[in-house]
>>> print(open('work_6.csv').read())   # CSV, C-alpha atoms and all ligand atoms
chain,number,residue,atom,x,y,z
A,1,MET,CA,20.7,18.4,21.9
A,2,SER,CA,24.0,18.4,23.6
A,3,GLN,CA,23.4,15.1,25.6
A,4,THR,CA,25.2,12.0,24.3
A,5,PRO,CA,22.7,10.1,22.2
A,6,ALA,CA,21.5,6.8,23.6
A,7,VAL,CA,22.2,5.3,20.2
A,8,ARG,CA,24.2,6.5,17.3
A,9,ALA,CA,24.8,4.6,14.1
A,10,VAL,CA,26.7,6.1,11.2
A,11,GLN,CA,26.6,4.4,7.8
A,12,VAL,CA,26.5,0.9,9.2
A,13,ARG,CA,26.8,-1.8,6.7
A,14,ARG,CA,26.3,-5.5,7.1
A,15,ALA,CA,25.9,-8.0,4.3
A,16,TYR,CA,25.0,-11.7,4.3
A,17,GLY,CA,26.7,-12.9,1.1
A,18,PRO,CA,24.9,-10.9,-1.6
A,19,VAL,CA,22.2,-9.6,0.7
A,20,ARG,CA,22.8,-6.1,2.1
A,21,ALA,CA,20.9,-6.4,5.3
A,22,LEU,CA,22.2,-3.0,6.5
A,23,ASP,CA,23.1,-0.7,3.6
A,24,GLY,CA,24.3,2.5,5.3
A,25,LEU,CA,22.1,2.7,8.4
A,26,ASP,CA,22.1,6.1,10.0
A,27,LEU,CA,20.4,6.4,13.3
A,28,THR,CA,20.4,8.7,16.3
A,29,VAL,CA,18.2,8.0,19.3
A,30,ALA,CA,17.8,10.7,22.0
A,31,PRO,CA,18.2,9.6,25.7
A,32,GLY,CA,14.9,8.8,27.2
A,33,ALA,CA,13.1,8.6,23.9
A,34,VAL,CA,11.0,5.8,22.6
A,35,HIS,CA,12.3,5.3,19.0
A,36,ALA,CA,10.7,2.9,16.6
A,37,LEU,CA,12.4,1.2,13.6
A,38,LEU,CA,9.5,0.6,11.4
A,39,GLY,CA,9.8,-1.6,8.3
A,40,PRO,CA,8.4,-4.7,6.5
A,41,ASN,CA,9.9,-8.2,6.6
A,42,GLY,CA,13.6,-8.2,5.6
A,43,ALA,CA,14.0,-4.4,6.1
A,44,GLY,CA,17.0,-5.1,8.4
A,45,LYS,CA,15.4,-4.4,11.8
A,46,THR,CA,16.7,-7.5,13.5
A,47,THR,CA,20.1,-7.1,12.0
A,48,ALA,CA,20.2,-3.5,13.3
A,49,VAL,CA,19.2,-4.5,16.8
A,50,GLU,CA,21.8,-7.3,16.7
A,51,VAL,CA,24.6,-5.0,15.6
A,52,LEU,CA,23.6,-2.4,18.3
A,53,THR,CA,23.5,-5.0,21.0
A,54,THR,CA,26.9,-6.4,20.1
A,55,LEU,CA,25.5,-9.7,19.0
A,56,ARG,CA,26.4,-9.3,15.3
A,57,ALA,CA,29.6,-8.1,13.7
A,58,PHE,CA,29.3,-5.4,11.0
A,59,ASP,CA,31.3,-4.7,7.9
A,60,ALA,CA,31.6,-0.9,7.9
A,61,GLY,CA,30.4,2.2,9.7
A,62,ARG,CA,30.3,3.2,13.3
A,63,ALA,CA,27.9,2.4,16.2
A,64,GLU,CA,27.7,3.7,19.7
A,65,VAL,CA,25.3,2.8,22.4
A,66,ALA,CA,25.1,4.7,25.8
A,67,GLY,CA,28.2,6.6,24.7
A,68,PHE,CA,30.3,3.5,24.1
A,69,ASP,CA,31.7,2.2,20.8
A,70,VAL,CA,29.9,-1.1,20.0
A,71,ARG,CA,33.0,-2.6,18.5
A,72,ARG,CA,35.7,-1.3,20.8
A,73,ALA,CA,33.8,-1.5,24.1
A,74,PRO,CA,31.2,-4.2,23.8
A,75,ASP,CA,31.3,-5.1,27.5
A,76,GLU,CA,30.5,-1.5,28.4
A,77,VAL,CA,27.7,-1.5,26.0
A,78,ARG,CA,26.3,-4.9,27.2
A,79,ALA,CA,26.4,-3.7,30.8
A,80,ARG,CA,24.0,-0.8,29.9
A,81,ILE,CA,21.5,-2.4,27.6
A,82,GLY,CA,18.6,-4.9,27.8
A,83,LEU,CA,17.3,-6.9,24.9
A,84,THR,CA,14.0,-8.6,24.2
A,85,GLY,CA,14.5,-10.5,21.0
A,86,GLN,CA,12.1,-11.4,18.2
A,87,TYR,CA,12.2,-14.9,19.5
A,88,ALA,CA,11.6,-15.2,23.2
A,89,SER,CA,14.4,-16.0,25.6
A,90,VAL,CA,12.6,-17.2,28.7
A,91,ASP,CA,12.6,-20.8,29.6
A,92,ASP,CA,9.2,-22.6,29.4
A,93,LEU,CA,9.9,-25.1,32.1
A,94,LEU,CA,10.9,-22.5,34.7
A,95,THR,CA,8.4,-20.4,36.5
A,96,GLY,CA,8.2,-16.7,35.8
A,97,ARG,CA,10.0,-16.0,39.1
A,98,GLU,CA,12.7,-18.6,38.5
A,99,ASN,CA,13.3,-17.1,35.0
A,100,LEU,CA,13.9,-13.7,36.4
A,101,VAL,CA,16.1,-15.0,39.2
A,102,VAL,CA,18.3,-16.8,36.7
A,103,PHE,CA,18.6,-13.6,34.6
A,104,GLY,CA,19.6,-11.7,37.8
A,105,ARG,CA,22.2,-14.2,38.6
A,106,LEU,CA,23.5,-14.1,35.1
A,107,HIS,CA,23.9,-10.4,35.5
A,108,GLY,CA,25.9,-10.8,38.7
A,109,LEU,CA,23.3,-10.3,41.4
A,110,ASP,CA,23.6,-12.4,44.5
A,111,ARG,CA,20.8,-14.9,45.3
A,112,ALA,CA,18.9,-12.5,47.7
A,113,GLY,CA,19.4,-9.6,45.3
A,114,ALA,CA,18.2,-11.6,42.3
A,115,ARG,CA,15.1,-12.6,44.3
A,116,ARG,CA,14.3,-9.1,45.3
A,117,ARG,CA,14.8,-7.8,41.8
A,118,ALA,CA,12.5,-10.6,40.5
A,119,ALA,CA,9.8,-9.8,43.0
A,120,GLY,CA,9.9,-6.1,42.1
A,121,LEU,CA,9.7,-6.8,38.3
A,122,LEU,CA,6.9,-9.3,38.7
A,123,GLU,CA,4.9,-6.7,40.6
A,124,ARG,CA,5.6,-4.0,38.1
A,125,PHE,CA,4.5,-6.2,35.2
A,126,ARG,CA,1.4,-7.5,37.0
A,127,LEU,CA,2.7,-11.0,37.0
A,128,THR,CA,2.8,-11.6,40.8
A,129,ASP,CA,-0.2,-14.0,40.7
A,130,ALA,CA,1.3,-16.1,37.9
A,131,ALA,CA,4.9,-15.9,39.3
A,132,ASP,CA,5.1,-19.5,40.4
A,133,ARG,CA,3.6,-21.1,37.4
A,134,PRO,CA,5.8,-22.4,34.5
A,135,ALA,CA,6.3,-19.7,31.8
A,136,GLY,CA,5.2,-22.3,29.3
A,137,ARG,CA,1.6,-22.0,30.6
A,138,TYR,CA,1.5,-18.2,30.3
A,139,SER,CA,-0.7,-16.4,27.8
A,140,GLY,CA,1.0,-14.6,25.0
A,141,GLY,CA,0.7,-11.3,26.7
A,142,MET,CA,2.0,-12.5,30.0
A,143,ARG,CA,4.9,-14.1,28.3
A,144,ARG,CA,5.9,-11.0,26.5
A,145,ARG,CA,5.6,-9.1,29.7
A,146,LEU,CA,7.9,-11.6,31.3
A,147,ASP,CA,10.3,-11.1,28.4
A,148,LEU,CA,10.2,-7.4,29.0
A,149,ALA,CA,10.9,-7.9,32.7
A,150,ALA,CA,13.8,-10.2,31.9
A,151,GLY,CA,15.3,-7.5,29.7
A,152,LEU,CA,15.1,-5.1,32.7
A,153,VAL,CA,16.7,-7.2,35.4
A,154,HIS,CA,19.9,-5.1,35.4
A,155,ALA,CA,18.1,-1.8,35.0
A,156,PRO,CA,19.5,-1.0,31.6
A,157,ARG,CA,19.8,2.5,30.2
A,158,VAL,CA,18.7,1.4,26.8
A,159,LEU,CA,16.2,-1.3,26.1
A,160,PHE,CA,16.0,-2.9,22.7
A,161,LEU,CA,12.7,-4.6,21.8
A,162,ASP,CA,12.6,-6.6,18.6
A,163,GLU,CA,9.0,-6.8,17.5
A,164,PRO,CA,7.6,-6.9,21.0
A,165,THR,CA,4.0,-7.5,20.0
A,166,THR,CA,4.2,-9.7,16.9
A,167,GLY,CA,1.8,-12.5,17.1
A,168,LEU,CA,-0.1,-11.2,20.1
A,169,ASP,CA,-3.8,-10.8,20.2
A,170,PRO,CA,-5.1,-7.2,20.5
A,171,ARG,CA,-5.6,-7.4,24.2
A,172,SER,CA,-2.1,-8.7,24.9
A,173,ARG,CA,-0.7,-6.1,22.6
A,174,THR,CA,-2.4,-3.4,24.6
A,175,GLU,CA,-0.9,-4.8,27.8
A,176,VAL,CA,2.6,-4.8,26.3
A,177,TRP,CA,2.1,-1.2,25.0
A,178,ALA,CA,1.1,-0.1,28.5
A,179,ALA,CA,4.3,-1.8,29.9
A,180,VAL,CA,6.5,-0.1,27.3
A,181,ARG,CA,4.9,3.3,28.1
A,182,GLU,CA,5.5,2.8,31.7
A,183,LEU,CA,9.2,2.0,31.1
A,184,ALA,CA,9.6,5.0,29.0
A,185,GLY,CA,7.9,7.1,31.7
A,186,GLY,CA,10.6,5.9,34.1
A,187,GLY,CA,13.4,7.3,31.8
A,188,THR,CA,14.6,4.2,30.1
A,189,THR,CA,15.4,4.8,26.4
A,190,VAL,CA,13.5,2.3,24.3
A,191,VAL,CA,14.4,1.2,20.8
A,192,LEU,CA,11.7,-1.0,19.4
A,193,THR,CA,11.2,-2.6,16.0
A,194,THR,CA,7.8,-3.1,14.5
A,195,GLN,CA,6.0,-3.9,11.3
A,196,TYR,CA,2.8,-2.4,12.9
A,197,LEU,CA,2.3,1.1,11.8
A,198,GLU,CA,-0.2,1.6,14.5
A,199,GLU,CA,2.3,0.5,17.1
A,200,ALA,CA,4.9,3.0,16.1
A,201,ASP,CA,2.3,5.6,16.0
A,202,ARG,CA,1.0,4.8,19.5
A,203,LEU,CA,4.4,4.3,21.3
A,204,ALA,CA,7.2,6.2,19.6
A,205,ASP,CA,8.3,9.7,20.0
A,206,ARG,CA,10.3,9.3,16.8
A,207,ILE,CA,10.0,6.8,14.0
A,208,SER,CA,12.7,5.7,11.5
A,209,VAL,CA,11.2,4.0,8.5
A,210,LEU,CA,13.5,1.3,7.3
A,211,ASP,CA,13.6,-0.2,3.9
A,212,ALA,CA,16.3,-2.4,2.4
A,213,GLY,CA,18.8,-1.7,5.2
A,214,ARG,CA,18.6,2.0,5.4
A,215,VAL,CA,16.4,4.8,6.9
A,216,ILE,CA,14.2,6.2,4.1
A,217,ALA,CA,12.3,8.6,6.4
A,218,GLU,CA,12.3,9.8,9.9
A,219,GLY,CA,10.2,12.0,12.2
A,220,SER,CA,7.3,11.9,14.6
A,221,ALA,CA,4.2,10.1,13.5
A,222,ASP,CA,2.6,13.4,12.8
A,223,GLU,CA,5.6,14.7,10.7
A,224,LEU,CA,5.6,11.5,8.7
A,225,LYS,CA,1.9,11.8,8.1
A,226,SER,CA,2.0,15.4,7.0
A,227,ARG,CA,4.8,14.6,4.6
A,228,VAL,CA,2.4,12.5,2.6
A,229,GLY,CA,0.2,15.5,1.9
A,230,GLY,CA,-2.1,15.6,4.9
A,231,ASP,CA,-5.5,14.2,5.1
A,232,ARG,CA,-7.1,11.7,2.7
A,233,ILE,CA,-10.5,11.1,1.4
A,234,ASP,CA,-11.7,7.5,1.2
A,235,VAL,CA,-14.6,6.8,-1.1
A,236,VAL,CA,-16.4,3.4,-0.9
A,237,LEU,CA,-18.3,2.3,-4.0
A,238,GLY,CA,-21.1,-0.2,-4.5
A,239,GLY,CA,-19.4,-2.5,-6.9
A,240,PRO,CA,-16.1,-3.3,-8.8
A,241,ALA,CA,-17.1,-1.4,-12.0
A,242,ASP,CA,-18.0,1.7,-10.1
A,243,THR,CA,-14.7,1.4,-8.2
A,244,ASP,CA,-12.8,1.4,-11.5
A,245,ARG,CA,-14.8,4.4,-12.8
A,246,ALA,CA,-14.3,6.3,-9.6
A,247,ALA,CA,-10.6,5.6,-9.6
A,248,ALA,CA,-10.2,7.0,-13.2
A,249,LEU,CA,-12.4,10.0,-12.4
A,250,LEU,CA,-10.5,10.9,-9.2
A,251,ALA,CA,-7.1,10.4,-10.9
A,252,GLY,CA,-8.3,13.3,-13.0
A,253,ILE,CA,-8.9,15.7,-10.2
A,254,THR,CA,-5.9,14.8,-8.2
A,255,ALA,CA,-3.5,14.9,-11.2
A,256,GLY,CA,-0.5,17.0,-10.3
A,257,ALA,CA,-1.1,16.7,-6.5
A,258,ALA,CA,2.2,16.1,-4.7
A,259,ALA,CA,1.0,13.0,-2.9
A,260,GLY,CA,0.2,11.1,-6.0
A,261,ALA,CA,-2.5,9.1,-7.7
A,262,PRO,CA,-5.6,7.6,-6.1
A,263,ARG,CA,-5.1,4.2,-4.4
A,264,VAL,CA,-7.6,1.5,-4.9
A,265,ALA,CA,-8.3,-1.2,-2.4
A,266,ALA,CA,-10.3,-3.4,-4.8
A,267,ALA,CA,-11.5,-6.0,-2.3
A,268,GLU,CA,-13.0,-3.2,-0.1
A,269,ARG,CA,-14.2,-1.3,-3.2
A,270,ARG,CA,-12.4,1.8,-1.8
A,271,VAL,CA,-10.6,4.6,-3.6
A,272,SER,CA,-8.4,6.8,-1.5
A,273,VAL,CA,-7.2,10.2,-2.6
A,274,PRO,CA,-4.9,12.9,-1.0
A,275,ALA,CA,-6.8,15.9,0.3
A,276,ALA,CA,-4.3,18.5,1.5
A,277,ASP,CA,-7.1,21.1,1.4
A,278,ARG,CA,-9.9,19.2,3.1
A,279,MET,CA,-13.0,21.1,2.1
A,280,ALA,CA,-12.0,22.0,-1.4
A,281,ALA,CA,-10.9,18.4,-2.1
A,282,LEU,CA,-14.0,17.0,-0.6
A,283,THR,CA,-16.2,19.3,-2.6
A,284,ALA,CA,-14.4,18.4,-5.8
A,285,VAL,CA,-14.6,14.7,-5.1
A,286,VAL,CA,-18.3,14.7,-4.3
A,287,ARG,CA,-19.1,16.9,-7.4
A,288,ALA,CA,-17.1,14.7,-9.7
A,289,LEU,CA,-18.8,11.6,-8.5
A,290,ASP,CA,-22.2,13.2,-8.7
A,291,ASP,CA,-21.6,14.6,-12.2
A,292,ALA,CA,-20.6,11.0,-13.4
A,293,GLY,CA,-23.8,9.6,-11.8
A,294,LEU,CA,-21.7,7.5,-9.3
A,295,ARG,CA,-23.4,6.9,-5.9
A,296,PRO,CA,-20.8,6.2,-3.3
A,297,VAL,CA,-21.7,4.0,-0.3
A,298,ASP,CA,-19.5,6.1,1.9
A,299,VAL,CA,-17.2,9.2,1.7
A,300,ALA,CA,-15.0,10.0,4.6
A,301,VAL,CA,-12.1,12.4,5.3
A,302,ARG,CA,-9.5,10.8,7.5
A,303,ARG,CA,-6.0,11.5,8.9
A,304,PRO,CA,-3.3,9.6,7.0
A,305,THR,CA,-2.0,6.4,8.5
A,306,LEU,CA,1.6,5.3,8.5
A,307,ASP,CA,0.5,2.8,5.9
A,308,ASP,CA,0.0,5.8,3.6
A,309,VAL,CA,3.5,7.0,4.5
A,310,PHE,CA,5.0,3.7,3.5
A,311,LEU,CA,3.1,3.5,0.2
A,312,ASP,CA,4.2,7.0,-0.7
A,313,LEU,CA,7.8,6.5,0.3
A,314,THR,CA,8.4,3.2,-1.4
A,315,GLY,CA,5.6,3.0,-4.0
A,316,ARG,CA,4.5,-0.3,-2.4
A,317,GLY,CA,2.6,-1.2,0.7
A,318,THR,CA,3.6,-3.3,3.7
A,319,ALA,CA,2.8,-7.0,3.4
A,320,ALA,CA,-0.6,-6.3,5.0
A,321,THR,CA,-1.6,-3.7,2.4
A,322,ILE,CA,-0.1,-5.2,-0.7
A,323,ALA,CA,-2.7,-7.9,-0.6
A,324,THR,CA,-5.6,-5.4,-1.0
A,325,THR,CA,-4.2,-2.2,-2.4
A,326,ALA,CA,-2.9,-1.1,-5.8
A,327,THR,CA,-2.1,2.3,-7.2
A,328,ALA,CA,-4.7,3.4,-9.7
A,329,GLY,CA,-3.5,3.5,-13.3
A,330,ALA,CA,-2.3,6.5,-15.2
A,331,ALA,CA,-3.2,9.8,-13.5
B,1,LIG,N1,21.8,-15.0,9.3
B,1,LIG,C1,21.5,-14.6,8.1
B,1,LIG,N2,22.0,-15.2,7.0
B,1,LIG,C2,21.6,-14.7,5.8
B,1,LIG,N3,20.8,-13.7,5.5
B,1,LIG,C3,20.2,-13.1,6.6
B,1,LIG,C4,20.5,-13.5,7.9
B,1,LIG,N4,19.8,-12.7,8.8
B,1,LIG,C5,19.1,-11.9,8.0
B,1,LIG,N5,19.4,-12.1,6.7
B,1,LIG,C6,18.8,-11.3,5.6
B,1,LIG,O1,19.1,-10.0,5.8
B,1,LIG,C7,17.9,-9.2,5.5
B,1,LIG,C8,17.5,-8.4,6.7
B,1,LIG,O2,17.0,-9.4,7.6
B,1,LIG,P1,16.5,-8.9,9.1
B,1,LIG,O3,16.2,-10.2,9.8
B,1,LIG,O4,17.4,-8.0,9.7
B,1,LIG,O5,15.1,-8.2,8.7
B,1,LIG,P2,13.9,-7.8,9.6
B,1,LIG,O6,13.5,-6.4,9.2
B,1,LIG,O7,14.2,-8.1,11.0
B,1,LIG,O8,12.7,-8.8,9.1
B,1,LIG,P3,11.5,-9.4,9.9
B,1,LIG,O9,10.4,-8.4,9.9
B,1,LIG,O10,11.1,-10.6,9.0
B,1,LIG,O11,12.0,-9.8,11.2
B,1,LIG,C9,16.9,-10.1,4.9
B,1,LIG,O12,17.0,-10.1,3.5
B,1,LIG,C10,17.3,-11.5,5.5
B,1,LIG,O13,16.9,-12.5,4.7
B,2,MG,MG,13.3,-9.2,12.4
>>> encode(input="work_6.csv", output="structure tokens", more="lines below")
Ligand SMILES: Nc1ncnc2c1ncn2[C@@H]1O[C@H](COP(=O)(O)OP(=O)(O)OP(=O)(O)O)[C@@H](O)[C@H]1O
Ligand SMILES: [Mg+2]
Amino acid sequence: MSQTPAVRAVQVRRAYGPVRALDGLDLTVAPGAVHALLGPNGAGKTTAVEVLTTLRAFDAGRAEVAGFDVRRAPDEVRARIGLTGQYASVDDLLTGRENLVVFGRLHGLDRAGARRRAAGLLERFRLTDAADRPAGRYSGGMRRRLDLAAGLVHAPRVLFLDEPTTGLDPRSRTEVWAAVRELAGGGTTVVLTTQYLEEADRLADRISVLDAGRVIAEGSADELKSRVGGDRIDVVLGGPADTDRAAALLAGITAGAAAGAPRVAAAERRVSVPAADRMAALTAVVRALDDAGLRPVDVAVRRPTLDDVFLDLTGRGTAATIATTATAGAA
């Protein structure tokens, strides 16, 4: 692509004392794309966003946003970006409308211009009815939508969203997703961070998987999924002893498979194995269980999730899966 990337980071490093928050971050975001930085707690997502939005100095490397060098031309960068942080920036005591007017004024709009802009954004994010209530009384989803609107007051070319839906209930999350999709549809480049694999899958054209301050994998959701060896077979057993037996058995048939050993979710009594060749693998699994006299409660072939991707890339799950999942012993 010959267009200037919306974001380009080359070997960016940032340490906090001994902690390497960014440890050679490489990132290229195409203009108009929705690009997700996906990673667990402490992966460096917020630090990356802070560096790219000029809020945080970095130790080495190069970063450009909207064609401008973050270090040499921070004002040019700031004029072209919006940011919705991990911790909300709107004022609880002001109404939604007042918040947006304040942001407009901060960005140099005159009073009438700021009011017009606020009204347009309130409409766009379906906040008109709530516009004159204090933001402190908004629901989680309304608040996040107001955050998004605040980040858009000056019509930025690149919008950074740090964990836009963390802590939201499923309904509010869906509302925010719809708002982000609409933005992207209008041509704004969106860089969002998330720990939710499903969120990256739903929203992003491209996903950079972050771990320990660097990108460990990148691609579309489908590319990342196919990298882990395609589909998986999940077998649910009737009890803990059966689960252990099934894990040992299935380790035998998948030994040597590129995508690795079976994974066991003990609490759910589930064993999951890679199944690049769906039907052959399914037949082998069912036959092996049957020969051993094991009666599964359920056997299902499924598309891999991004959780599988993370497990395969790092050998460990995200916080959400570590609790219930362990890799089955020797294959
Ligand atoms: N101001 C700071 N001082 C010291 N260490 C910091 C600071 N900010 C971040 N860190 C450390 O840098 C690493 C990366 O943190 P960062 O906040 O960028 O991760 P993150 O991916 O945003 O995590 P989370 O999902 O929890 O928001 C972590 O080990 C963190 O403890
Ligand atoms: Mg963070």
>>> closest_atom_pairs(input="work_6.csv", of="region 33-100 of chain A", to="region 159-177 of chain A", cutoff="8 Å", atoms="all atoms listed in the file", output="Markdown table")
| residue | atom | partner | partner_atom | distance |
| --- | --- | --- | --- | --- |
| A:Lys45 | CA | A:Asp162 | CA | 7.7 |
| A:Thr46 | CA | A:Asp162 | CA | 6.6 |
| A:Val49 | CA | A:Phe160 | CA | 6.9 |
| A:Thr53 | CA | A:Phe160 | CA | 8.0 |
| A:Ile81 | CA | A:Leu159 | CA | 5.6 |
| A:Gly82 | CA | A:Leu159 | CA | 4.6 |
| A:Leu83 | CA | A:Phe160 | CA | 4.7 |
| A:Thr84 | CA | A:Leu161 | CA | 4.8 |
| A:Gly85 | CA | A:Asp162 | CA | 5.0 |
| A:Gln86 | CA | A:Asp162 | CA | 4.8 |
>>> residues_near_point(input="work_6.csv", point="(25.4, 5.1, 6.7)", cutoff="10 Å", atoms="all atoms listed in the file", output="list of chain:residue names")
A:Ala9, A:Val10, A:Gln11, A:Val12, A:Arg13, A:Leu22, A:Asp23, A:Gly24, A:Leu25, A:Asp26, A:Leu27, A:Ala60, A:Gly61, A:Arg62, A:Gly213, A:Arg214, A:Val215
>>> atom_distance(input="work_6.csv", atom1="CA of Gly230 (chain A)", atom2="CA of Gly32 (chain A)")
28.9 Å
>>> closest_residue(input="work_6.csv", among="A:Ser208, A:Gln195, A:Ser226, A:Thr189", to="ligand MG 2 (chain B)", atoms="all atoms listed in the file")
A:Gln195
>>> residues_around(input="work_6.csv", residues="Thr128 (chain A)", least_positions_apart="2", cutoff="12 Å", atoms="only C-alpha atoms", output="ChimeraX atom specification")
/A:95-97,118-126,130-133,142,145-146
>>> residues_around(input="work_6.csv", residues="Arg202 (chain A)", least_positions_apart="5", cutoff="12 Å", atoms="only C-alpha atoms", output="list of chain:residue names")
A:Val34, A:His35, A:Ala36, A:Arg173, A:Thr174, A:Val176, A:Trp177, A:Ala178, A:Val180, A:Arg181, A:Thr194, A:Tyr196, A:Leu197, A:Ile207, A:Ser220, A:Ala221, A:Asp222, A:Thr305, A:Leu306
>>> atom_distance(input="work_6.csv", atom1="CA of Asp211 (chain A)", atom2="CA of Pro274 (chain A)")
23.2 Å
>>> closest_residue(input="work_6.csv", among="A:Leu210, A:Pro31, A:Val158, A:Asp277", to="ligand MG 2 (chain B)", atoms="only C-alpha atoms and all ligand atoms")
A:Leu210
>>> atom_distance(input="work_6.csv", atom1="CA of Leu106 (chain A)", atom2="CA of Glu76 (chain A)")
15.9 Å
>>> closest_residue(input="work_6.csv", among="A:Ala112, A:Ala265, A:Leu127, A:Leu192", to="ligand MG 2 (chain B)", atoms="all atoms listed in the file")
A:Leu192
>>> closest_residue(input="work_6.csv", among="A:Val90, A:Leu183, A:Ala217, A:Leu289", to="Gly252 (chain A)", atoms="only C-alpha atoms")
A:Leu289
>>> residues_around(input="work_6.csv", residues="Asp298 (chain A)", least_positions_apart="6", cutoff="10 Å", atoms="all atoms listed in the file", output="number ranges by chain")
A: 234-238, 270
>>> closest_residue(input="work_6.csv", among="A:Ala241, A:Thr314, A:Leu203, A:Ala251", to="Leu37 (chain A)", atoms="only C-alpha atoms")
A:Leu203
